[in-house]
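Listing of upload-v9.txt; format and content: compact mmCIF, C-alpha atoms and all ligand atoms.
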```
# COMPACT_ATOMS: atom_id res chain seq x y z
CA MET A 289 0.00 0.00 0.00
CA CYS A 290 2.54 2.54 1.06
CA GLY A 291 4.90 1.72 -1.74
CA HIS A 292 3.21 4.73 -3.37
CA CYS A 293 4.10 7.47 -1.03
CA ALA A 294 7.66 6.64 -0.06
CA CYS A 295 6.69 7.25 3.51
CA GLY A 296 8.84 4.45 4.81
CA GLU A 297 5.94 2.44 6.15
CA PRO A 298 6.62 -1.25 5.64
CA PRO A 299 4.02 -2.91 3.44
CA VAL A 300 1.22 -4.85 5.09
CA PRO A 301 2.73 -8.23 5.95
CA GLU A 302 1.94 -10.96 3.50
CA ALA A 303 0.88 -14.44 4.53
CA PRO A 304 3.67 -16.54 6.02
CA PRO A 305 5.66 -18.16 3.22
CA ALA A 306 4.70 -21.50 1.79
CA ALA A 307 4.56 -24.36 4.22
CA ALA A 308 4.51 -27.59 2.28
CA GLY A 309 1.23 -28.89 3.68
CA ARG A 310 -2.18 -27.99 2.29
CA PRO A 311 -4.60 -26.28 4.48
CA VAL A 312 -2.96 -22.85 4.61
CA SER A 313 -3.88 -20.92 7.69
CA LEU A 314 -4.17 -17.17 7.14
CA GLU A 315 -6.15 -15.55 9.97
CA ASP A 316 -6.24 -12.45 7.89
CA SER A 317 -8.56 -9.97 9.50
CA LEU A 318 -10.08 -7.28 7.35
CA LEU A 319 -10.45 -4.89 10.25
CA ALA A 320 -6.93 -5.52 11.54
CA ARG A 321 -5.65 -4.73 8.07
CA ASN A 322 -7.76 -1.58 7.93
CA ASN A 323 -6.71 -0.53 11.42
CA HIS A 324 -3.09 -0.88 10.45
CA LEU A 325 -3.59 1.41 7.47
CA ALA A 326 -5.68 3.85 9.50
CA ALA A 327 -2.84 4.16 11.99
CA HIS A 328 -0.58 4.84 9.08
CA ASN A 329 -2.88 7.56 7.71
CA ARG A 330 -2.93 9.06 11.16
CA GLU A 331 0.87 9.35 11.05
CA HIS A 332 0.61 11.29 7.80
CA PHE A 333 -2.02 13.56 9.34
CA ARG A 334 0.07 14.21 12.45
CA ALA A 335 3.21 14.87 10.47
CA ALA A 336 1.39 17.40 8.29
CA GLY A 337 -0.46 18.97 11.22
CA VAL A 338 -3.81 18.55 9.55
CA ARG A 339 -7.09 18.03 11.38
CA VAL A 340 -9.26 15.30 9.86
CA VAL A 341 -13.00 14.78 10.18
CA ASN A 342 -14.89 11.71 8.96
CA VAL A 343 -18.45 12.75 8.08
CA LEU A 344 -21.08 10.01 8.15
CA SER A 345 -24.83 9.72 7.68
CA SER A 346 -27.62 8.16 5.65
CA PRO A 347 -27.81 9.22 2.02
CA GLY A 348 -29.43 12.63 1.75
CA SER A 349 -28.94 13.76 5.36
CA GLY A 350 -27.01 16.78 4.15
CA LYS A 351 -23.30 15.87 4.27
CA THR A 352 -22.38 17.63 1.04
CA ALA A 353 -24.54 20.64 1.84
CA LEU A 354 -22.83 20.94 5.22
CA LEU A 355 -19.37 20.78 3.67
CA GLU A 356 -20.37 23.46 1.16
CA ARG A 357 -21.47 25.68 4.03
CA LEU A 358 -18.37 25.01 6.07
CA ALA A 359 -16.31 26.08 3.07
CA ALA A 360 -18.35 29.26 2.72
CA LEU A 361 -18.22 30.22 6.40
CA ALA A 362 -14.72 29.09 7.37
CA PRO A 363 -12.38 31.89 8.40
CA PRO A 364 -10.42 33.19 5.43
CA GLY A 365 -6.94 31.71 5.41
CA LEU A 366 -8.09 28.42 6.84
CA ARG A 367 -7.14 25.88 4.21
CA LEU A 368 -9.82 23.25 3.74
CA ALA A 369 -9.89 20.23 1.49
CA ALA A 370 -12.26 17.31 1.06
CA LEU A 371 -12.27 13.68 0.06
CA VAL A 372 -15.63 12.35 -1.05
CA GLY A 373 -16.67 8.74 -1.22
CA ASP A 374 -19.49 8.12 -3.60
CA LEU A 375 -20.72 5.05 -5.37
CA ALA A 376 -20.53 6.03 -8.99
CA THR A 377 -20.74 9.71 -9.73
CA ASP A 378 -18.47 12.60 -8.89
CA ASN A 379 -21.37 15.01 -8.41
CA ASP A 380 -20.53 15.69 -4.79
CA ALA A 381 -16.87 16.44 -5.45
CA ARG A 382 -17.93 18.76 -8.26
CA ARG A 383 -20.45 20.51 -6.00
CA LEU A 384 -17.72 21.03 -3.42
CA ARG A 385 -15.22 22.37 -5.94
CA GLU A 386 -17.87 24.80 -7.12
CA ALA A 387 -18.22 25.88 -3.50
CA GLY A 388 -14.51 26.66 -3.48
CA LEU A 389 -13.44 23.57 -1.58
CA PRO A 390 -10.62 21.55 -3.17
CA ALA A 391 -12.17 18.09 -3.40
CA VAL A 392 -11.21 14.72 -4.74
CA GLN A 393 -13.66 11.94 -5.41
CA ILE A 394 -12.74 8.54 -4.06
CA THR A 395 -14.49 6.18 -6.40
CA THR A 396 -15.50 3.30 -4.23
CA GLY A 397 -16.83 1.25 -7.13
CA GLN A 398 -19.07 -1.25 -5.45
CA ALA A 399 -18.15 -0.34 -1.91
CA CYS A 400 -20.62 1.12 0.50
CA HIS A 401 -18.05 2.49 2.91
CA LEU A 402 -14.64 4.10 2.82
CA GLU A 403 -11.60 2.20 3.98
CA ALA A 404 -8.28 3.57 5.17
CA ALA A 405 -6.54 2.37 2.00
CA MET A 406 -8.95 4.37 -0.17
CA VAL A 407 -8.28 7.47 1.88
CA HIS A 408 -4.55 6.93 1.47
CA ARG A 409 -5.01 6.88 -2.31
CA GLY A 410 -7.24 9.95 -2.02
CA LEU A 411 -4.43 11.80 -0.25
CA GLU A 412 -2.14 11.08 -3.17
CA ALA A 413 -4.78 12.37 -5.59
CA LEU A 414 -5.20 15.53 -3.51
CA ALA A 415 -1.45 16.08 -3.59
CA GLU A 416 -1.43 15.62 -7.36
CA ALA A 417 -4.21 18.18 -7.61
CA GLY A 418 -1.95 20.67 -5.85
CA HIS A 419 -3.15 20.17 -2.29
CA PRO A 420 -0.60 18.17 -0.35
CA LEU A 421 -1.53 17.57 3.30
CA THR A 422 1.07 20.08 4.42
CA ALA A 423 -1.00 22.76 2.65
CA VAL A 424 -4.26 21.76 4.35
CA ASP A 425 -5.50 22.73 7.83
CA LEU A 426 -8.80 20.88 7.90
CA LEU A 427 -9.53 17.79 5.81
CA LEU A 428 -13.18 16.77 5.59
CA ILE A 429 -13.95 13.24 4.46
CA GLU A 430 -17.50 12.68 3.26
CA ASN A 431 -18.09 8.97 3.72
CA VAL A 432 -20.50 6.91 1.63
CA GLY A 433 -24.10 7.44 2.73
CA ASN A 434 -24.66 4.41 4.92
CA LEU A 435 -25.28 3.92 8.63
CA VAL A 436 -24.01 0.36 8.91
CA CYS A 437 -20.60 -0.64 7.68
CA PRO A 438 -18.66 2.64 7.75
CA ALA A 439 -18.83 2.38 11.55
CA ALA A 440 -16.24 -0.39 11.64
CA PHE A 441 -13.71 1.27 9.35
CA ASP A 442 -11.34 3.71 10.97
CA LEU A 443 -9.88 6.07 8.39
CA GLY A 444 -7.32 7.65 10.70
CA GLU A 445 -9.55 10.64 11.45
CA ASP A 446 -9.34 12.86 14.53
CA LEU A 447 -13.10 13.26 14.78
CA ARG A 448 -16.16 11.41 13.63
CA LEU A 449 -19.11 13.57 12.79
CA VAL A 450 -22.44 11.80 12.35
CA LEU A 451 -25.43 13.61 10.88
CA LEU A 452 -29.03 12.97 11.76
CA SER A 453 -31.43 15.09 9.73
CA VAL A 454 -34.69 16.24 11.29
CA THR A 455 -36.53 14.59 8.40
CA GLU A 456 -35.31 11.04 8.95
CA GLY A 457 -36.82 10.00 12.27
CA GLU A 458 -35.80 10.51 15.87
CA ASP A 459 -35.15 6.80 16.42
CA LYS A 460 -32.25 6.46 13.96
CA PRO A 461 -29.62 6.47 16.74
CA LEU A 462 -31.35 3.52 18.39
CA LYS A 463 -31.57 1.63 15.12
CA TYR A 464 -27.91 2.20 14.23
CA PRO A 465 -26.21 2.34 17.62
CA ALA A 466 -22.77 1.23 16.45
CA LEU A 467 -22.37 4.20 14.15
CA PHE A 468 -23.84 6.78 16.50
CA HIS A 469 -21.86 5.38 19.36
CA SER A 470 -18.64 5.94 17.46
CA ALA A 471 -19.44 9.64 16.94
CA ASP A 472 -17.43 12.41 18.58
CA VAL A 473 -19.88 14.97 17.27
CA VAL A 474 -23.52 14.41 16.36
CA VAL A 475 -25.07 17.08 14.18
CA ILE A 476 -28.83 17.33 13.88
CA SER A 477 -29.04 18.65 10.34
CA LYS A 478 -31.67 20.55 8.36
CA SER A 479 -32.82 22.26 11.55
CA ASP A 480 -34.66 24.82 9.39
CA LEU A 481 -37.16 22.05 8.61
CA ALA A 482 -37.74 21.01 12.23
CA GLU A 483 -41.08 22.75 12.65
CA ALA A 484 -42.36 21.72 9.25
CA VAL A 485 -41.83 18.02 9.98
CA ASP A 486 -42.89 18.14 13.64
CA PHE A 487 -39.43 17.14 14.77
CA ASP A 488 -39.51 15.84 18.36
CA ARG A 489 -36.35 17.56 19.62
CA PRO A 490 -36.32 16.26 23.22
CA LEU A 491 -36.82 12.70 22.00
CA ALA A 492 -34.06 12.98 19.41
CA HIS A 493 -31.65 14.45 21.95
CA ARG A 494 -32.51 11.72 24.43
CA ASN A 495 -31.89 9.03 21.86
CA VAL A 496 -28.56 10.49 20.83
CA GLU A 497 -27.47 10.88 24.44
CA GLN A 498 -28.44 7.32 25.23
CA VAL A 499 -26.32 5.85 22.46
CA ALA A 500 -23.53 8.41 22.36
CA PRO A 501 -23.32 9.91 25.83
CA ALA A 502 -19.86 11.38 25.28
CA ALA A 503 -20.57 12.97 21.89
CA ARG A 504 -21.04 16.72 21.45
CA LEU A 505 -24.50 17.41 20.07
CA LEU A 506 -25.52 20.43 18.06
CA GLU A 507 -28.11 21.52 15.53
CA VAL A 508 -27.19 22.94 12.19
CA SER A 509 -28.95 24.22 9.12
CA ALA A 510 -26.70 24.16 6.09
CA ARG A 511 -29.46 25.96 4.22
CA ARG A 512 -29.51 28.95 6.58
CA GLY A 513 -26.03 28.66 8.01
CA THR A 514 -27.24 28.43 11.61
CA GLY A 515 -24.97 26.45 13.92
CA VAL A 516 -22.13 26.29 11.41
CA ASP A 517 -19.88 28.62 13.42
CA ALA A 518 -20.39 26.55 16.54
CA LEU A 519 -19.55 23.44 14.56
CA LEU A 520 -16.35 24.99 13.20
CA GLU A 521 -15.34 25.74 16.76
CA LEU A 522 -15.82 22.10 17.68
CA LEU A 523 -13.90 20.84 14.68
CA LEU A 524 -10.89 23.08 15.02
CA PRO A 525 -8.74 23.78 18.00
CA ALA A 526 -8.75 27.49 18.84
CA SER A 527 -5.06 27.72 17.93
CA ALA A 528 -5.73 26.60 14.37
CA ARG A 529 -8.48 29.17 13.94
CA ALA A 530 -6.36 31.93 15.39
CA ALA A 531 -3.46 30.97 13.15
CA ALA A 532 -5.73 31.09 10.13
CA LEU A 533 -7.12 34.55 10.77
CA PRO A 534 -4.19 36.87 10.11
CA VAL A 535 -3.59 35.26 6.72
CA GLY A 536 -7.02 36.28 5.48
CA MET B 206 -22.95 -4.38 -2.77
CA HIS B 207 -20.79 -4.37 0.34
CA GLU B 208 -20.38 -8.08 -0.23
CA LEU B 209 -19.14 -7.75 -3.79
CA SER B 210 -16.36 -5.34 -2.90
CA LEU B 211 -15.38 -7.35 0.16
CA MET B 212 -15.31 -10.50 -1.90
CA GLN B 213 -13.11 -8.81 -4.46
CA THR B 214 -10.57 -8.04 -1.76
CA LEU B 215 -10.81 -11.54 -0.34
CA GLY B 216 -10.61 -13.11 -3.79
CA GLU B 217 -7.41 -11.23 -4.61
CA ARG B 218 -5.95 -12.32 -1.33
CA VAL B 219 -6.87 -15.98 -1.87
CA LEU B 220 -5.47 -16.01 -5.39
CA SER B 221 -2.25 -14.33 -4.36
CA VAL B 222 -1.76 -16.93 -1.65
CA ALA B 223 -2.48 -19.69 -4.17
CA ALA B 224 0.02 -18.20 -6.59
CA ALA B 225 2.66 -17.79 -3.88
CA GLU B 226 2.17 -21.43 -2.94
CA GLY B 227 2.34 -22.57 -6.55
CA ALA B 228 -1.03 -24.25 -6.21
CA GLU B 229 -3.10 -25.48 -9.14
CA LYS B 230 -6.42 -25.10 -7.44
CA VAL B 231 -8.05 -23.66 -4.37
CA VAL B 232 -10.52 -26.24 -3.09
CA ALA B 233 -11.75 -24.58 0.08
CA ILE B 234 -11.98 -21.12 1.56
CA ARG B 235 -12.88 -20.56 5.19
CA LEU B 236 -14.24 -17.21 6.38
CA ARG B 237 -15.36 -15.90 9.72
CA ILE B 238 -17.80 -13.00 9.86
CA GLY B 239 -19.26 -11.10 12.76
CA THR B 240 -23.01 -10.62 12.75
CA LEU B 241 -22.34 -6.86 12.96
CA ALA B 242 -19.94 -6.81 10.02
CA GLY B 243 -22.81 -5.71 7.81
CA VAL B 244 -22.27 -8.74 5.62
CA ASP B 245 -24.99 -11.03 4.42
CA PRO B 246 -23.62 -14.59 4.07
CA ASP B 247 -25.85 -15.45 1.12
CA ALA B 248 -24.89 -12.29 -0.72
CA LEU B 249 -21.26 -13.12 0.05
CA ARG B 250 -21.67 -16.59 -1.46
CA PHE B 251 -23.20 -15.11 -4.55
CA ALA B 252 -20.41 -12.54 -4.77
CA ALA B 253 -17.85 -15.33 -4.43
CA GLU B 254 -19.30 -17.11 -7.45
CA VAL B 255 -19.05 -13.95 -9.49
CA VAL B 256 -15.60 -12.93 -8.32
CA LEU B 257 -13.99 -16.38 -8.43
CA ALA B 258 -15.45 -17.55 -11.74
CA ASP B 259 -12.68 -18.56 -14.18
CA THR B 260 -10.01 -18.48 -11.51
CA LEU B 261 -8.03 -21.15 -9.64
CA ALA B 262 -10.66 -20.89 -6.94
CA ALA B 263 -13.71 -21.25 -9.17
CA ASN B 264 -14.95 -24.45 -7.50
CA ALA B 265 -13.75 -23.83 -3.98
CA THR B 266 -16.11 -24.70 -1.13
CA LEU B 267 -16.86 -21.60 0.85
CA THR B 268 -17.32 -22.12 4.58
CA ILE B 269 -18.66 -19.18 6.55
CA GLU B 270 -18.59 -19.21 10.31
CA GLU B 271 -20.73 -16.53 11.93
CA ILE B 272 -19.55 -14.88 15.14
CA PRO B 273 -22.31 -13.38 17.28
CA ALA B 274 -21.93 -9.86 18.60
CA THR B 275 -20.41 -9.84 22.06
CA TRP B 276 -20.67 -6.77 24.27
CA TRP B 277 -19.16 -5.79 27.59
CA CYS B 278 -21.56 -4.85 30.38
CA ALA B 279 -19.80 -2.52 32.79
CA PRO B 280 -22.42 -2.73 35.59
CA CYS B 281 -22.28 -6.54 35.58
CA GLY B 282 -18.57 -6.70 34.89
CA ALA B 283 -19.18 -9.45 32.35
CA ASP B 284 -19.77 -9.88 28.67
CA PHE B 285 -22.94 -10.95 26.90
CA THR B 286 -23.91 -12.06 23.41
CA THR B 287 -26.88 -10.68 21.51
CA PRO B 288 -28.66 -10.87 18.20
CA PRO B 289 -27.27 -8.28 15.79
CA ASP B 290 -29.89 -5.63 16.42
CA ALA B 291 -29.83 -5.65 20.23
CA ARG B 292 -27.25 -4.48 22.67
CA ALA B 293 -29.01 -4.43 26.02
CA CYS B 294 -27.53 -6.68 28.70
CA PRO B 295 -29.91 -9.61 29.28
CA ARG B 296 -29.02 -9.60 33.00
CA CYS B 297 -29.43 -5.96 33.96
CA GLY B 298 -30.87 -4.27 30.87
CA ALA B 299 -28.05 -1.72 30.63
CA LEU B 300 -27.17 -0.61 27.13
CA SER B 301 -23.59 -1.50 26.38
CA ALA B 302 -21.31 0.90 24.60
CA ARG B 303 -18.43 -1.50 24.21
CA LEU B 304 -18.43 -4.08 21.48
CA LEU B 305 -15.89 -6.83 22.07
CA ARG B 306 -16.46 -9.00 19.01
CA GLY B 307 -18.76 -9.28 16.04
CA GLN B 308 -17.75 -6.60 13.53
CA ASP B 309 -14.86 -8.31 11.83
CA LEU B 310 -14.48 -10.37 8.72
CA SER B 311 -11.53 -12.74 8.53
CA LEU B 312 -10.07 -14.98 5.92
CA VAL B 313 -9.28 -17.90 8.20
CA SER B 314 -7.67 -20.38 5.84
CA VAL B 315 -7.60 -21.88 2.37
CA GLU B 316 -7.03 -25.39 1.13
CA LEU B 317 -4.83 -25.81 -1.88
CA VAL B 318 -4.15 -28.56 -4.43
CA PRO B 319 -1.63 -29.90 -4.83
N1 LIG C 601 -33.96 22.53 4.02
C1 LIG C 601 -32.74 22.04 4.03
N2 LIG C 601 -32.36 21.13 3.10
C2 LIG C 601 -31.10 20.64 3.14
C3 LIG C 601 -30.17 21.03 4.14
N3 LIG C 601 -29.03 20.36 3.94
C4 LIG C 601 -29.23 19.60 2.84
N4 LIG C 601 -30.46 19.76 2.35
C5 LIG C 601 -31.05 19.12 1.16
O1 LIG C 601 -31.07 17.72 1.33
C6 LIG C 601 -30.75 17.05 0.13
C7 LIG C 601 -29.56 16.13 0.33
O2 LIG C 601 -28.45 16.89 0.70
P1 LIG C 601 -26.96 16.40 0.43
O3 LIG C 601 -26.04 17.42 0.97
O4 LIG C 601 -26.78 16.04 -1.02
O5 LIG C 601 -26.92 15.07 1.32
P2 LIG C 601 -25.79 13.91 1.40
O6 LIG C 601 -26.29 12.79 0.56
O7 LIG C 601 -25.75 13.54 2.83
O8 LIG C 601 -24.52 14.50 0.89
C8 LIG C 601 -30.47 18.13 -0.90
O9 LIG C 601 -31.64 18.32 -1.66
C9 LIG C 601 -30.18 19.34 -0.06
O10 LIG C 601 -30.51 20.55 -0.69
C10 LIG C 601 -30.61 21.98 5.13
O11 LIG C 601 -29.88 22.38 6.06
N5 LIG C 601 -31.91 22.43 5.04
MG MG C 602 -23.20 13.83 -0.58
ZN ZN C 603 1.65 6.39 3.32
ZN ZN C 604 -19.71 -1.30 3.36
ZN ZN C 605 -25.53 -6.12 32.77
```

Let me see whether you can do it: turn the structure in this file into structure tokens.
Amino acid sequence: MCGHCACGEPPVPEAPPAAAGRPVSLEDSLLARNNHLAAHNREHFRAAGVRVVNVLSSPGSGKTALLERLAALAPPGLRLAALVGDLATDNDARRLREAGLPAVQITTGQACHLEAAMVHRGLEALAEAGHPLTAVDLLLIENVGNLVCPAAFDLGEDLRLVLLSVTEGEDKPLKYPALFHSADVVVISKSDLAEAVDFDRPLAHRNVEQVAPAARLLEVSARRGTGVDALLELLLPASARAAALPVG
Amino acid sequence: MHELSLMQTLGERVLSVAAAEGAEKVVAIRLRIGTLAGVDPDALRFAAEVVLADTLAANATLTIEEIPATWWCAPCGADFTTPPDARACPRCGALSARLLRGQDLSLVSVELVP
């Protein structure tokens, strides 16, 4: 895997060399392999001093819209970039580039989740597009819209942000506890629609708190921009924001 | 669709092991999947047929062992096993936040000829 980037990381160990006998025992764990690569991504992120957020939700909960808004409202001088996992199209990456956010599509082909190896390849593509990690302060990774399998795949991120839109039902956290439990930040999205859909706010908050008691919870409307500043504060350490300001 | 991409990865792995071992055929593949891995065994079998067609492993028997989700209950100080969609401790009813086992997918072993 890391043959590509000359980062000195030894390749993932291959199976032990041929023993003569036939059953060949492998005990090759997909998650162990992914965790190894996620740890490796994390080293790249640390070395470059970039903050990385893995953004997860059902399809249509507003991940791309939120990223577009973050790009619009981020302090000038703060260098953002995005990796987007999508099944087939590069619509989302194009939307983000139009919003002024350097973005690379990670084509997952058949996959319904991002894996650390895909993110590693995405980093190379970002660098080729003129945005090496060292020139990025905040990297946003839009995962594939799915509340099941992305939960198990660490990408090397600093923070996991899980969206729950007011239109998709207050019980989602209870139905998909593994994903919500893994969240550092839960964003209730499309808050501008809350009244229109009779969103039961106390119930939703209770459900989130039950499954993800340690997560920070906030409400955001990408449409109106409400809550986006508070979210930026959560995503970025104060020092990074302060450092960004004078440049703009 | 999860299954197809996972099977592609597994298939590549199996075939590279077979090649490294100089085998003519792969006759058996043994997998272990957690019930929370988001993998449907039947879909995985189907994906295996597609992915392994016309390869050394085309006729391999696929054995899938399912590992139930196991959680840690802090109040009880003990673990418990649940169906995939539940995570309340059957003893005390507490909701566990710590999954011990059940999300992984492993390629356990292959059998090669000769
Ligand atoms: N009213 C409203 N609609 C939103 C908001 N955020 C996203 N949407 C709409 O929801 C739909 C899906 O949004 P998108 O960002 O593509 O979701 P993704 O699939 O999670 O990336 C689009 O039609 C958006 O315009 C919001 O804050 N308020
Ligand atoms: Mg999107
Ligand atoms: Zn690397
Ligand atoms: Zn998946
Ligand atoms: Zn208990």

Quiz item: Within 6 Å of chain A, which residues of chain B show up when using only C-alpha atoms, listed as a list in words?
Solution: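 Per the criterion, chain B yields Met206, His207, Ser210, Glu226, Gly243, Asp309, Leu310, Ser311, Leu312, Val313, Ser314, Val315, Glu316 and Leu317 of chain B.
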
Between CA of Arg512 (chain A) and CA of Gln393 (chain A) lies a distance of 26.2 Å

- Message: What's around Ala262 (chain B) at 7 Å? Count all atoms listed in the file, leave out sequence neighbours fewer than 5 positions away in its own chain, and write the answer as a list in words.
- Response: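 Once the nearby chain positions are removed, what remains is Lys230, Val231, Val232 and Leu257 of chain B.
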
Item to complete: Find the residues around region 278-282 of chain B up to 10 Å (all atoms listed in the file counted), leave out those fewer than 2 positions away in its own chain, and share them as a list in words.
Response: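 The filter keeps Thr275, Trp276, Asp284, Phe285, Arg292, Ala293, Cys294, Pro295, Arg296, Cys297, Gly298, Ala299, Leu300, Ser301, Ala302, Arg303 and Leu304 of chain B.
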
Write out as a PDB file with C-alpha atoms, in the coordinates of the input each polymer residue whose atoms come within 9 Å of Arg511 (chain A), counting only C-alpha atoms; drop sequence neighbours fewer than 4 positions from it.
```pdb
ATOM      1  CA  ALA A 353     -24.540  20.640   1.840  1.00  0.00           C
ATOM      2  CA  LEU A 354     -22.830  20.940   5.220  1.00  0.00           C
ATOM      3  CA  ARG A 357     -21.470  25.680   4.030  1.00  0.00           C
ATOM      4  CA  LYS A 478     -31.670  20.550   8.360  1.00  0.00           C
ATOM      5  CA  SER A 479     -32.820  22.260  11.550  1.00  0.00           C
ATOM      6  CA  ASP A 480     -34.660  24.820   9.390  1.00  0.00           C
TER       7      ASP A 480
END
```

| said: To one decimal place in Å, what is the distance between CA of Ile394 (chain A) and CA of Gly373 (chain A)? | reply: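 So the two atoms, CA of Ile394 (chain A) and CA of Gly373 (chain A), lie 4.9 Å apart.
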
Discussion item. Please return as a list in words every residue within 8 Å of (-21.0, -10.7, 18.4), taking into account all atoms listed in the file and the file's own coordinates.
Written reply: Gly239, Thr240, Leu241, Ile272, Pro273, Ala274, Thr275, Trp276, Thr286, Thr287, Pro288, Pro289, Leu304, Leu305, Arg306, Gly307 and Gln308 of chain B

Generate a file of the selected residues that holds C-alpha atoms, formatted as a CSV table (one decimal), in the frame of the given file.
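That gives us out27.csv:
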```csv
chain,number,residue,atom,x,y,z
B,239,GLY,CA,-19.3,-11.1,12.8
B,240,THR,CA,-23.0,-10.6,12.8
B,241,LEU,CA,-22.3,-6.9,13.0
B,272,ILE,CA,-19.6,-14.9,15.1
B,273,PRO,CA,-22.3,-13.4,17.3
B,274,ALA,CA,-21.9,-9.9,18.6
B,275,THR,CA,-20.4,-9.8,22.1
B,276,TRP,CA,-20.7,-6.8,24.3
B,286,THR,CA,-23.9,-12.1,23.4
B,287,THR,CA,-26.9,-10.7,21.5
B,288,PRO,CA,-28.7,-10.9,18.2
B,289,PRO,CA,-27.3,-8.3,15.8
B,304,LEU,CA,-18.4,-4.1,21.5
B,305,LEU,CA,-15.9,-6.8,22.1
B,306,ARG,CA,-16.5,-9.0,19.0
B,307,GLY,CA,-18.8,-9.3,16.0
B,308,GLN,CA,-17.8,-6.6,13.5
```

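Proximity of A:Ala381, A:Leu426, A:Ala518, A:Val341 to ligand MG 602 (chain C), computed with all atoms listed in the file, is greatest for A:Ala381.
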
Enclose the full set of atoms of region 221-224 of chain B listed in the file within a box whose edges lie along x, y and z, apply 5 Å of padding to each of the six sides, and report centre and edge lengths in Å to one decimal as lines of an AutoDock Vina configuration file.
```
center_x = -1.2
center_y = -17.0
center_z = -4.1
size_x = 12.5
size_y = 15.4
size_z = 14.9
```

From CA of Met406 (chain A) to CA of Leu211 (chain B) the spacing works out at 13.4 Å

Between B:Val222, B:Leu236, B:Leu267, B:Ala228, smallest distance to Ala253 (chain B) by all atoms listed in the file belongs to B:Leu267

*Point out the residue among A:His324, A:Arg385, A:Lys351, A:Lys460 with the least atom-to-atom distance to ligand MG 602 (chain C), counting all atoms listed in the file.*
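Of A:His324, A:Arg385, A:Lys351, A:Lys460, the one nearest ligand MG 602 (chain C) is A:Lys351, counting all atoms listed in the file.
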
Wanna dump the chain A-ligand LIG 601 (chain C) contacts at 10 Å for me, each residue with its shortest atom pair and the distance in Å to one decimal, counting all atoms listed in the file, ordered by chain and number, as CSV?
```
residue,atom,partner,partner_atom,distance
A:Val343,CA,C:LIG601,O7,9.0
A:Leu344,CA,C:LIG601,O7,7.9
A:Ser345,CA,C:LIG601,O7,6.2
A:Ser346,CA,C:LIG601,O7,6.4
A:Pro347,CA,C:LIG601,O6,4.1
A:Gly348,CA,C:LIG601,O6,3.4
A:Ser349,CA,C:LIG601,O7,4.1
A:Gly350,CA,C:LIG601,O5,3.3
A:Lys351,CA,C:LIG601,O7,3.7
A:Thr352,CA,C:LIG601,O3,3.7
A:Ala353,CA,C:LIG601,O3,3.7
A:Leu354,CA,C:LIG601,N3,6.4
A:Leu355,CA,C:LIG601,O3,7.9
A:Glu356,CA,C:LIG601,O3,8.3
A:Arg357,CA,C:LIG601,N3,9.2
A:Val372,CA,C:LIG601,O8,9.3
A:Gly373,CA,C:LIG601,O8,10.0
A:Asp374,CA,C:LIG601,O6,9.2
A:Asn379,CA,C:LIG601,O4,9.2
A:Asp380,CA,C:LIG601,O8,7.0
A:Arg383,CA,C:LIG601,O4,9.2
A:Glu430,CA,C:LIG601,O8,7.6
A:Asn431,CA,C:LIG601,O8,8.9
A:Val432,CA,C:LIG601,O6,8.3
A:Gly433,CA,C:LIG601,O6,6.2
A:Asn434,CA,C:LIG601,O7,9.4
A:Leu451,CA,C:LIG601,O7,8.1
A:Leu452,CA,C:LIG601,O7,9.5
A:Ser453,CA,C:LIG601,N3,8.2
A:Val454,CA,C:LIG601,N5,9.2
A:Thr455,CA,C:LIG601,N2,9.4
A:Ile476,CA,C:LIG601,O11,9.4
A:Ser477,CA,C:LIG601,O11,5.7
A:Lys478,CA,C:LIG601,O11,3.4
A:Ser479,CA,C:LIG601,O11,6.2
A:Asp480,CA,C:LIG601,N5,5.7
A:Leu481,CA,C:LIG601,N1,5.6
A:Ala482,CA,C:LIG601,N1,9.2
A:Ala484,CA,C:LIG601,N1,9.9
A:Glu507,CA,C:LIG601,O11,9.7
A:Val508,CA,C:LIG601,O11,6.7
A:Ser509,CA,C:LIG601,O11,3.7
A:Ala510,CA,C:LIG601,O11,3.6
A:Arg511,CA,C:LIG601,O11,4.0
A:Arg512,CA,C:LIG601,O11,6.6
A:Gly513,CA,C:LIG601,O11,7.6
A:Thr514,CA,C:LIG601,O11,8.6
```

**Asked** Of the residues B:Ile269, B:Met212, B:Ala263, B:Ala252, which is the one nearest to Glu229 (chain B), using only C-alpha atoms?
**Response**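 For Glu229 (chain B), the nearest of the candidates is B:Ala263.
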
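Remark: for ligand MG 602 (chain C), the closest of the candidate residues A:Leu384, A:Leu325, A:Arg367, A:Thr422 is A:Leu384 (distances computed over only C-alpha atoms and all ligand atoms).
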